[in-house]
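model_0.txt follows (compact mmCIF, C-alpha atoms and all ligand atoms):
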# COMPACT_ATOMS: atom_id res chain seq x y z
CA MET P 1 -8.26 -12.27 -13.17
CA VAL P 2 -7.27 -9.27 -11.04
CA THR P 3 -8.00 -5.68 -12.03
CA ILE P 4 -6.39 -2.69 -10.37
CA ARG P 5 -8.10 0.68 -10.47
CA PRO P 6 -7.93 4.01 -8.61
CA LEU P 7 -9.93 4.23 -5.42
CA GLN P 8 -13.31 5.96 -5.85
CA PRO P 9 -15.46 7.78 -3.28
CA THR P 10 -18.01 4.94 -3.64
CA ASP P 11 -15.41 2.46 -2.29
CA GLU P 12 -15.57 3.89 1.22
CA ALA P 13 -17.36 0.98 2.95
CA THR P 14 -15.17 -1.71 1.35
CA TRP P 15 -12.01 0.33 1.80
CA ARG P 16 -12.83 0.75 5.48
CA GLU P 17 -13.19 -3.05 5.88
CA LEU P 18 -9.81 -3.61 4.23
CA TRP P 19 -8.27 -0.78 6.25
CA GLN P 20 -9.55 -2.33 9.49
CA GLY P 21 -8.09 -5.69 8.45
CA TYR P 22 -4.78 -3.96 7.80
CA LEU P 23 -4.83 -2.28 11.23
CA ASP P 24 -5.76 -5.60 12.87
CA PHE P 25 -2.86 -7.27 11.06
CA TYR P 26 -0.56 -4.70 12.69
CA GLN P 27 -2.47 -5.04 16.01
CA THR P 28 -3.05 -1.31 15.84
CA GLU P 29 -6.01 0.83 16.72
CA LEU P 30 -6.52 4.30 15.31
CA PRO P 31 -9.11 6.86 16.38
CA GLU P 32 -12.03 7.10 13.96
CA ALA P 33 -11.02 10.72 13.26
CA VAL P 34 -7.68 9.52 11.86
CA THR P 35 -9.30 6.93 9.59
CA ALA P 36 -11.80 9.55 8.44
CA THR P 37 -8.97 11.98 7.68
CA THR P 38 -7.01 9.33 5.79
CA TRP P 39 -10.08 8.45 3.76
CA SER P 40 -10.81 12.09 2.93
CA ARG P 41 -7.18 12.63 1.92
CA LEU P 42 -7.35 9.61 -0.38
CA VAL P 43 -10.38 10.85 -2.27
CA GLY P 44 -9.90 14.61 -1.86
CA ASP P 45 -9.58 16.96 -4.81
CA PRO P 46 -6.69 16.88 -5.28
CA PRO P 47 -5.96 13.70 -3.31
CA HIS P 48 -2.98 13.69 -0.88
CA TYR P 49 -2.14 10.08 -1.65
CA LEU P 50 -2.66 7.70 -4.53
CA GLY P 51 -5.14 4.99 -3.55
CA PHE P 52 -5.75 1.79 -5.51
CA VAL P 53 -8.03 -1.18 -5.12
CA ALA P 54 -7.81 -4.67 -6.58
CA GLU P 55 -10.96 -6.30 -7.93
CA GLN P 56 -11.43 -10.01 -8.46
CA ASP P 57 -14.76 -11.51 -9.56
CA ASP P 58 -16.36 -8.04 -9.22
CA GLU P 59 -15.31 -7.81 -5.59
CA VAL P 60 -12.79 -5.42 -4.07
CA VAL P 61 -10.25 -7.69 -2.38
CA GLY P 62 -7.18 -5.54 -1.81
CA MET P 63 -5.88 -2.02 -1.48
CA ALA P 64 -2.68 -0.04 -1.72
CA THR P 65 -1.72 3.51 -0.81
CA VAL P 66 1.20 5.39 -2.34
CA VAL P 67 2.65 8.61 -0.94
CA LEU P 68 4.34 10.44 -3.79
CA HIS P 69 6.99 12.83 -2.52
CA ASP P 70 9.91 14.95 -3.62
CA TYR P 71 13.26 13.41 -3.19
CA THR P 72 16.54 15.26 -2.54
CA TRP P 73 18.64 12.82 -4.53
CA SER P 74 16.61 13.23 -7.69
CA ASP P 75 14.61 15.81 -9.58
CA LYS P 76 11.88 13.18 -9.96
CA PRO P 77 9.44 12.10 -7.25
CA ALA P 78 9.64 8.91 -5.22
CA GLY P 79 6.63 6.68 -4.61
CA LEU P 80 6.40 5.23 -1.12
CA LEU P 81 4.13 2.21 -1.11
CA HIS P 82 2.80 3.01 2.33
CA ASP P 83 -0.04 0.50 2.80
CA LEU P 84 -0.68 -2.82 1.11
CA TYR P 85 -3.37 -5.25 2.17
CA VAL P 86 -5.13 -8.22 0.59
CA ASN P 87 -8.22 -9.94 1.94
CA PRO P 88 -7.01 -13.16 3.72
CA GLU P 89 -9.41 -15.34 1.67
CA VAL P 90 -7.65 -14.57 -1.61
CA ARG P 91 -4.02 -14.37 -0.47
CA GLY P 92 -1.46 -16.31 -2.47
CA GLY P 93 -3.47 -15.78 -5.66
CA GLY P 94 -1.54 -12.89 -7.16
CA VAL P 95 -3.52 -9.89 -5.89
CA GLY P 96 -0.61 -8.40 -3.94
CA ARG P 97 1.67 -8.83 -6.93
CA ALA P 98 -0.91 -7.19 -9.21
CA LEU P 99 -1.11 -4.15 -6.90
CA ILE P 100 2.68 -3.76 -6.76
CA ASP P 101 3.03 -4.31 -10.52
CA HIS P 102 0.43 -1.60 -11.12
CA VAL P 103 2.24 0.93 -8.93
CA VAL P 104 5.61 0.14 -10.55
CA ALA P 105 4.13 0.45 -14.05
CA LEU P 106 2.49 3.78 -13.14
CA GLY P 107 5.76 5.05 -11.69
CA ARG P 108 7.62 4.07 -14.85
CA ALA P 109 5.00 5.73 -17.05
CA GLU P 110 5.02 8.94 -14.98
CA GLY P 111 8.81 9.12 -14.58
CA TRP P 112 9.17 8.61 -10.82
CA ALA P 113 12.70 8.04 -9.54
CA ARG P 114 11.77 4.97 -7.53
CA VAL P 115 9.07 2.95 -5.85
CA TYR P 116 10.04 1.77 -2.36
CA TRP P 117 8.49 0.35 0.76
CA MET P 118 9.24 -1.05 4.21
CA THR P 119 8.02 -4.12 5.97
CA LYS P 120 8.65 -5.88 9.25
CA GLU P 121 11.67 -8.10 9.08
CA ASP P 122 9.64 -11.15 10.14
CA ASN P 123 6.71 -10.66 7.74
CA ALA P 124 7.58 -13.83 5.83
CA PRO P 125 4.65 -13.99 3.34
CA ALA P 126 5.15 -10.34 2.38
CA ARG P 127 8.91 -10.74 2.07
CA ARG P 128 8.52 -13.81 -0.14
CA LEU P 129 6.63 -11.60 -2.53
CA TYR P 130 8.90 -8.55 -2.17
CA ASP P 131 12.10 -10.55 -2.65
CA THR P 132 10.94 -11.35 -6.17
CA TYR P 133 11.18 -7.61 -7.05
CA ALA P 134 14.49 -6.55 -5.49
CA PRO P 135 16.73 -7.45 -2.57
CA ALA P 136 16.05 -5.54 0.67
CA ASP P 137 18.37 -2.51 0.66
CA GLY P 138 19.75 -2.84 4.21
CA PHE P 139 18.36 0.44 5.59
CA VAL P 140 17.03 0.22 9.16
CA ARG P 141 14.26 2.53 10.34
CA TYR P 142 14.48 4.61 13.57
CA ARG P 143 11.40 6.24 15.02
CA ILE P 144 10.64 8.72 17.79
CA ALA P 145 6.98 9.12 18.69
CA LEU P 146 6.26 12.83 19.30
C1 LIG B 201 1.61 -9.32 1.78
C2 LIG B 201 0.31 -9.46 1.02
C3 LIG B 201 -0.16 -8.09 0.60
C4 LIG B 201 0.57 -10.32 -0.22
O1 LIG B 201 -0.62 -10.37 -0.97
P1 LIG B 201 -1.00 -11.70 -1.80
O2 LIG B 201 -2.15 -11.36 -2.65
O3 LIG B 201 -1.12 -12.84 -0.89
O4 LIG B 201 0.32 -11.84 -2.67
P2 LIG B 201 0.44 -12.69 -4.00
O5 LIG B 201 -0.60 -13.74 -4.07
O6 LIG B 201 0.56 -11.74 -5.13
O7 LIG B 201 1.80 -13.39 -3.69
C5 LIG B 201 2.84 -13.36 -4.55
C6 LIG B 201 3.72 -14.54 -4.32
O8 LIG B 201 4.00 -14.85 -2.98
C7 LIG B 201 3.52 -16.15 -2.69
N1 LIG B 201 2.78 -16.05 -1.45
C8 LIG B 201 2.14 -15.00 -0.96
N2 LIG B 201 1.55 -15.27 0.22
C9 LIG B 201 1.86 -16.54 0.47
C10 LIG B 201 1.57 -17.40 1.54
N3 LIG B 201 0.84 -16.99 2.59
N4 LIG B 201 2.04 -18.65 1.48
C11 LIG B 201 2.77 -19.05 0.43
N5 LIG B 201 3.09 -18.28 -0.62
C12 LIG B 201 2.64 -17.03 -0.59
C13 LIG B 201 2.61 -16.56 -3.78
O9 LIG B 201 2.76 -17.93 -4.06
C14 LIG B 201 3.08 -15.73 -4.92
O10 LIG B 201 4.07 -16.30 -5.67
P3 LIG B 201 3.93 -16.33 -7.28
O11 LIG B 201 3.54 -14.94 -7.72
O12 LIG B 201 5.27 -16.75 -7.72
O13 LIG B 201 2.84 -17.31 -7.52
C15 LIG B 201 -0.78 -10.17 1.86
O14 LIG B 201 -0.24 -11.39 2.33
C16 LIG B 201 -1.29 -9.36 3.02
O15 LIG B 201 -2.20 -8.54 2.87
N6 LIG B 201 -0.74 -9.59 4.20
C17 LIG B 201 -1.18 -8.90 5.39
C18 LIG B 201 -0.80 -7.43 5.39
C19 LIG B 201 0.63 -7.22 5.03
O16 LIG B 201 1.54 -7.93 5.45
N7 LIG B 201 0.84 -6.17 4.25
C20 LIG B 201 2.14 -5.78 3.80
C21 LIG B 201 2.77 -4.95 4.83
S1 LIG B 201 4.30 -4.22 4.26
Would you mind giving the structure from this file in structure tokens?
Amino acid sequence: MVTIRPLQPTDEATWRELWQGYLDFYQTELPEAVTATTWSRLVGDPPHYLGFVAEQDDEVVGMATVVLHDYTWSDKPAGLLHDLYVNPEVRGGGVGRALIDHVVALGRAEGWARVYWMTKEDNAPARRLYDTYAPADGFVRYRIAL
């Protein structure tokens, strides 16, 4: 049984563990100041992003972040599923799907234009899950570090 709920200020320690796992997965290091800023933006009043955690057996085992933004091709907002991470010990058990389902249901209820996300082309476990929602749309991302 997986429950999804909004991130709370009291989740900081667990969220930070999941966040570090997510950064490790991407072999990325961020300065502590950036993580601290991201955390404060997640739980600020008002928050900058929508943060969710997944609970299984009373333990937080996954997290997702959504950046809700205006969208020039619609008068409704778009939800970018920016971060998604599930504790390795419980992967394959439906936690990732529960997090995505929750975001999609929220977007439908609140009238967003779309929920969308990106992943690395070779992230096979993630793509197995994502391909059950929609086909990849063929857009390719370009990036200039400034
Ligand atoms: C991608 C990720 C979030 C998926 O979370 P998850 O909890 O394992 O996903 P689920 O258990 O909901 O998987 C859903 C489906 O994919 C299948 N699946 C997922 N991971 C699998 C794996 N490693 N091997 C085989 N099947 C897998 C499940 O069988 C399941 O199918 P079903 O719903 O028909 O039973 C998780 O693997 C993860 O955190 N990966 C590392 C970080 C990452 O890649 N994040 C996404 C970046 S865009």
Min atom-atom distance to ligand LIG 201 (chain B) from the set P:Phe52, P:Trp73, P:Tyr130, P:Trp15, counting only C-alpha atoms and all ligand atoms, belongs to P:Tyr130
Expected axis-aligned box over every listed atom of ligand LIG 201 (chain B), 3 Å added per side, centre plus edges in Å to one decimal, as AutoDock Vina command-line options:
--center_x 1.5 --center_y -11.6 --center_z -1.1 --size_x 13.5 --size_y 20.8 --size_z 19.2
Exercise. Using all atoms listed in the file, which residues sit within 9 Å of Asn87 of chain P once same-chain residues fewer than 4 positions away are excluded, as a PyMOL selection string?
Worked result: chain P and resi 18+21+60-63+91
Restricting to only C-alpha atoms, whichever of P:His102, P:Arg41, P:His69, P:Arg108 is closest to Pro6 of chain P is P:His102
Set the cut-off to 10 Å, count all atoms listed in the file, and list whatever residues fall near ligand LIG 201 (chain B) as a VMD selection string. chain P and resid 18 21 to 26 54 61 to 64 81 to 101 117 to 132
Go ahead and save the picked residues with C-alpha atoms, as a CSV table (one decimal), in the coordinates of the input.
chain,number,residue,atom,x,y,z
P,18,LEU,CA,-9.8,-3.6,4.2
P,21,GLY,CA,-8.1,-5.7,8.4
P,22,TYR,CA,-4.8,-4.0,7.8
P,23,LEU,CA,-4.8,-2.3,11.2
P,24,ASP,CA,-5.8,-5.6,12.9
P,25,PHE,CA,-2.9,-7.3,11.1
P,26,TYR,CA,-0.6,-4.7,12.7
P,54,ALA,CA,-7.8,-4.7,-6.6
P,61,VAL,CA,-10.2,-7.7,-2.4
P,62,GLY,CA,-7.2,-5.5,-1.8
P,63,MET,CA,-5.9,-2.0,-1.5
P,64,ALA,CA,-2.7,0.0,-1.7
P,81,LEU,CA,4.1,2.2,-1.1
P,82,HIS,CA,2.8,3.0,2.3
P,83,ASP,CA,0.0,0.5,2.8
P,84,LEU,CA,-0.7,-2.8,1.1
P,85,TYR,CA,-3.4,-5.2,2.2
P,86,VAL,CA,-5.1,-8.2,0.6
P,87,ASN,CA,-8.2,-9.9,1.9
P,88,PRO,CA,-7.0,-13.2,3.7
P,89,GLU,CA,-9.4,-15.3,1.7
P,90,VAL,CA,-7.6,-14.6,-1.6
P,91,ARG,CA,-4.0,-14.4,-0.5
P,92,GLY,CA,-1.5,-16.3,-2.5
P,93,GLY,CA,-3.5,-15.8,-5.7
P,94,GLY,CA,-1.5,-12.9,-7.2
P,95,VAL,CA,-3.5,-9.9,-5.9
P,96,GLY,CA,-0.6,-8.4,-3.9
P,97,ARG,CA,1.7,-8.8,-6.9
P,98,ALA,CA,-0.9,-7.2,-9.2
P,99,LEU,CA,-1.1,-4.2,-6.9
P,100,ILE,CA,2.7,-3.8,-6.8
P,101,ASP,CA,3.0,-4.3,-10.5
P,117,TRP,CA,8.5,0.4,0.8
P,118,MET,CA,9.2,-1.0,4.2
P,119,THR,CA,8.0,-4.1,6.0
P,120,LYS,CA,8.6,-5.9,9.2
P,121,GLU,CA,11.7,-8.1,9.1
P,122,ASP,CA,9.6,-11.2,10.1
P,123,ASN,CA,6.7,-10.7,7.7
P,124,ALA,CA,7.6,-13.8,5.8
P,125,PRO,CA,4.6,-14.0,3.3
P,126,ALA,CA,5.2,-10.3,2.4
P,127,ARG,CA,8.9,-10.7,2.1
P,128,ARG,CA,8.5,-13.8,-0.1
P,129,LEU,CA,6.6,-11.6,-2.5
P,130,TYR,CA,8.9,-8.6,-2.2
P,131,ASP,CA,12.1,-10.6,-2.6
P,132,THR,CA,10.9,-11.4,-6.2
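For the pair atom CA of Ala113 of chain P and atom CA of Asp75 of chain P, the separation is 8.0 Å.
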A straight line from atom CA of Glu12 of chain P to atom CA of His48 of chain P spans 16.1 Å
message: as a list of chain:residue names, please: the residues near Gly79 of chain P (cut-off 9 Å, all atoms listed in the file, same-chain neighbours under 2 positions excluded).
response: P:Val66, P:Val67, P:Leu68, P:His69, P:Asp70, P:Pro77, P:Leu81, P:His82, P:Val103, P:Val104, P:Gly107, P:Trp112, P:Ala113, P:Arg114, P:Val115, P:Tyr116, P:Trp117
note - atom CA of Val2 of chain P and atom CA of Glu55 of chain P are separated by 5.7 Å
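If you measure from each of P:Val43, P:Gln56, P:Gln27, P:Ala78 to Met1 of chain P using only C-alpha atoms, the closest one turns out to be P:Gln56.
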